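Asks: I am attaching a structure below and will ask some questions about it afterwards.
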Amino acid sequence: MKRIVLASGSPRRKELLAKLHIDFEIITSDVDENIDFVSPEEMVENLALRKAKAVFDSLDDNDLLVIGADTIVYYDGEVLGKPEDEEEARAMISMLSERTHQVYTGVALCTRIDGAISFKTFHDKTDVTFYPIDRFDIDAYIKTGSPMDKAGAYGIQDDFAIHVKKIEGDYNNVVGLPIAKLYQEIKALNL
């Protein structure tokens with residue numbers, strides 16, 4: 001590939017994609033993330049494709065791969081996105097305390113190779129269980145500011161890790177990019 005683009009400004013996704021030891025650049029997409037809810041799987045795949053396609057359509061390179069991703073936290077039929085304020089962050093973390101929820105990440109691969117255009121989407125799901133989290137710990141975590149830019153109001157890779165009892169599935173999926181599955185999908189493209 002002559003050009004590989006990550007259509008995400010997430011520093012966590014950048015760090016994970018770097019593990020593939022490929023040269024890539026970042027071009028963020030500014031797309032409407034409002035979507036009619038169908039299922040968590042379809043939601044993350046559709047949003048990932050929307051983000052990747054916005055960047056893909058803005059470029060005219062012939063040998064091009066654009067990678068888009070979207071992550072949501074899902075609990076009891078409800079999608080928990082990024083909290084709007086500290087009170088919403090507190091409510092989200094309280095709701096997830098001592099319970100198991102799901103983290104879905106959708107990935108889209110948009111390619112243009114020798115004039116042929118292809119779009120591929122997939123997703124991964126990880127179950128995450130928290131220990132009981134008391135009000136003091138929730139407030140201390142919120143004061144760090146970390147929950148404000150994360151789906152479900154927590155980052156498994158930061159100080160919140162002390163509250164994670166168990167995960168079933170890919171840890172990196174919870175961080176924001178199922179890198180092992182992505183590697184296999186890229187290999188399957190025979191780029």
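In the structure tokens, chains take letters A, B, ... by order of appearance, with residues numbered from 1 within each chain and ligands from 1 in the order shown.
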Would you give me, as an MDAnalysis selection string, the residues in chain A that DSSP reads as strand (DSSP E or B)?
Replies: chainID A and resid 3:6 25:26 64:75 78:80 100:113 116:130 164:168
Asks: Residues near A:Arg112, anyone? I mean within 6 Å using only C-alpha atoms, not counting same-chain ones fewer than 2 positions away, as a VMD selection string.
Replies: chain A and resid 62 to 64 115 to 117
Asks: When you draw a straight line from atom CA of A:Phe56 to atom CA of A:Glu25, how long is it in Å?
Replies: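 For atom CA of A:Phe56 relative to atom CA of A:Glu25, the distance reads 12.8 Å.
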Asks: In stretch 31-183 of chain A, what's alpha helix (DSSP H) per DSSP? Answer as a PyMOL selection string?
Replies: chain A and resi 40-57+86-96+135-143+171-175+179-183
Asks: If we count only C-alpha atoms, what is near A:Arg12 at a cut-off of 9 Å, once residues fewer than 5 positions away on the same chain are taken out, given as a list in words?
Replies: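 Skipping anything fewer than 5 positions along the chain leaves Leu17, Val175, Gly176 and Leu177 of chain A.
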Asks: Measuring between only C-alpha atoms, which one of A:Asp127, A:Asp149, A:Glu78, A:Asp85 shows the shortest distance to A:Gly9?
Replies: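 Looking only at the distances to A:Gly9, the closest residue turns out to be A:Asp149.
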Asks: Find the residue from A:Lys187, A:Val5, A:Thr126, A:Glu45 that sits nearest to A:Ile26; use only C-alpha atoms when measuring.
Replies: A:Val5
Asks: Which polymer residues have any atom within 12 Å of an atom of A:Gly77, counting only C-alpha atoms, with same-chain residues fewer than 2 positions away left out, as a list in words?
Replies: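 The neighbour list is Phe37, Val38, Ser39, Pro40, Val73, Tyr74, Tyr75, Val79, Leu80, His101 and Gln102 of chain A.
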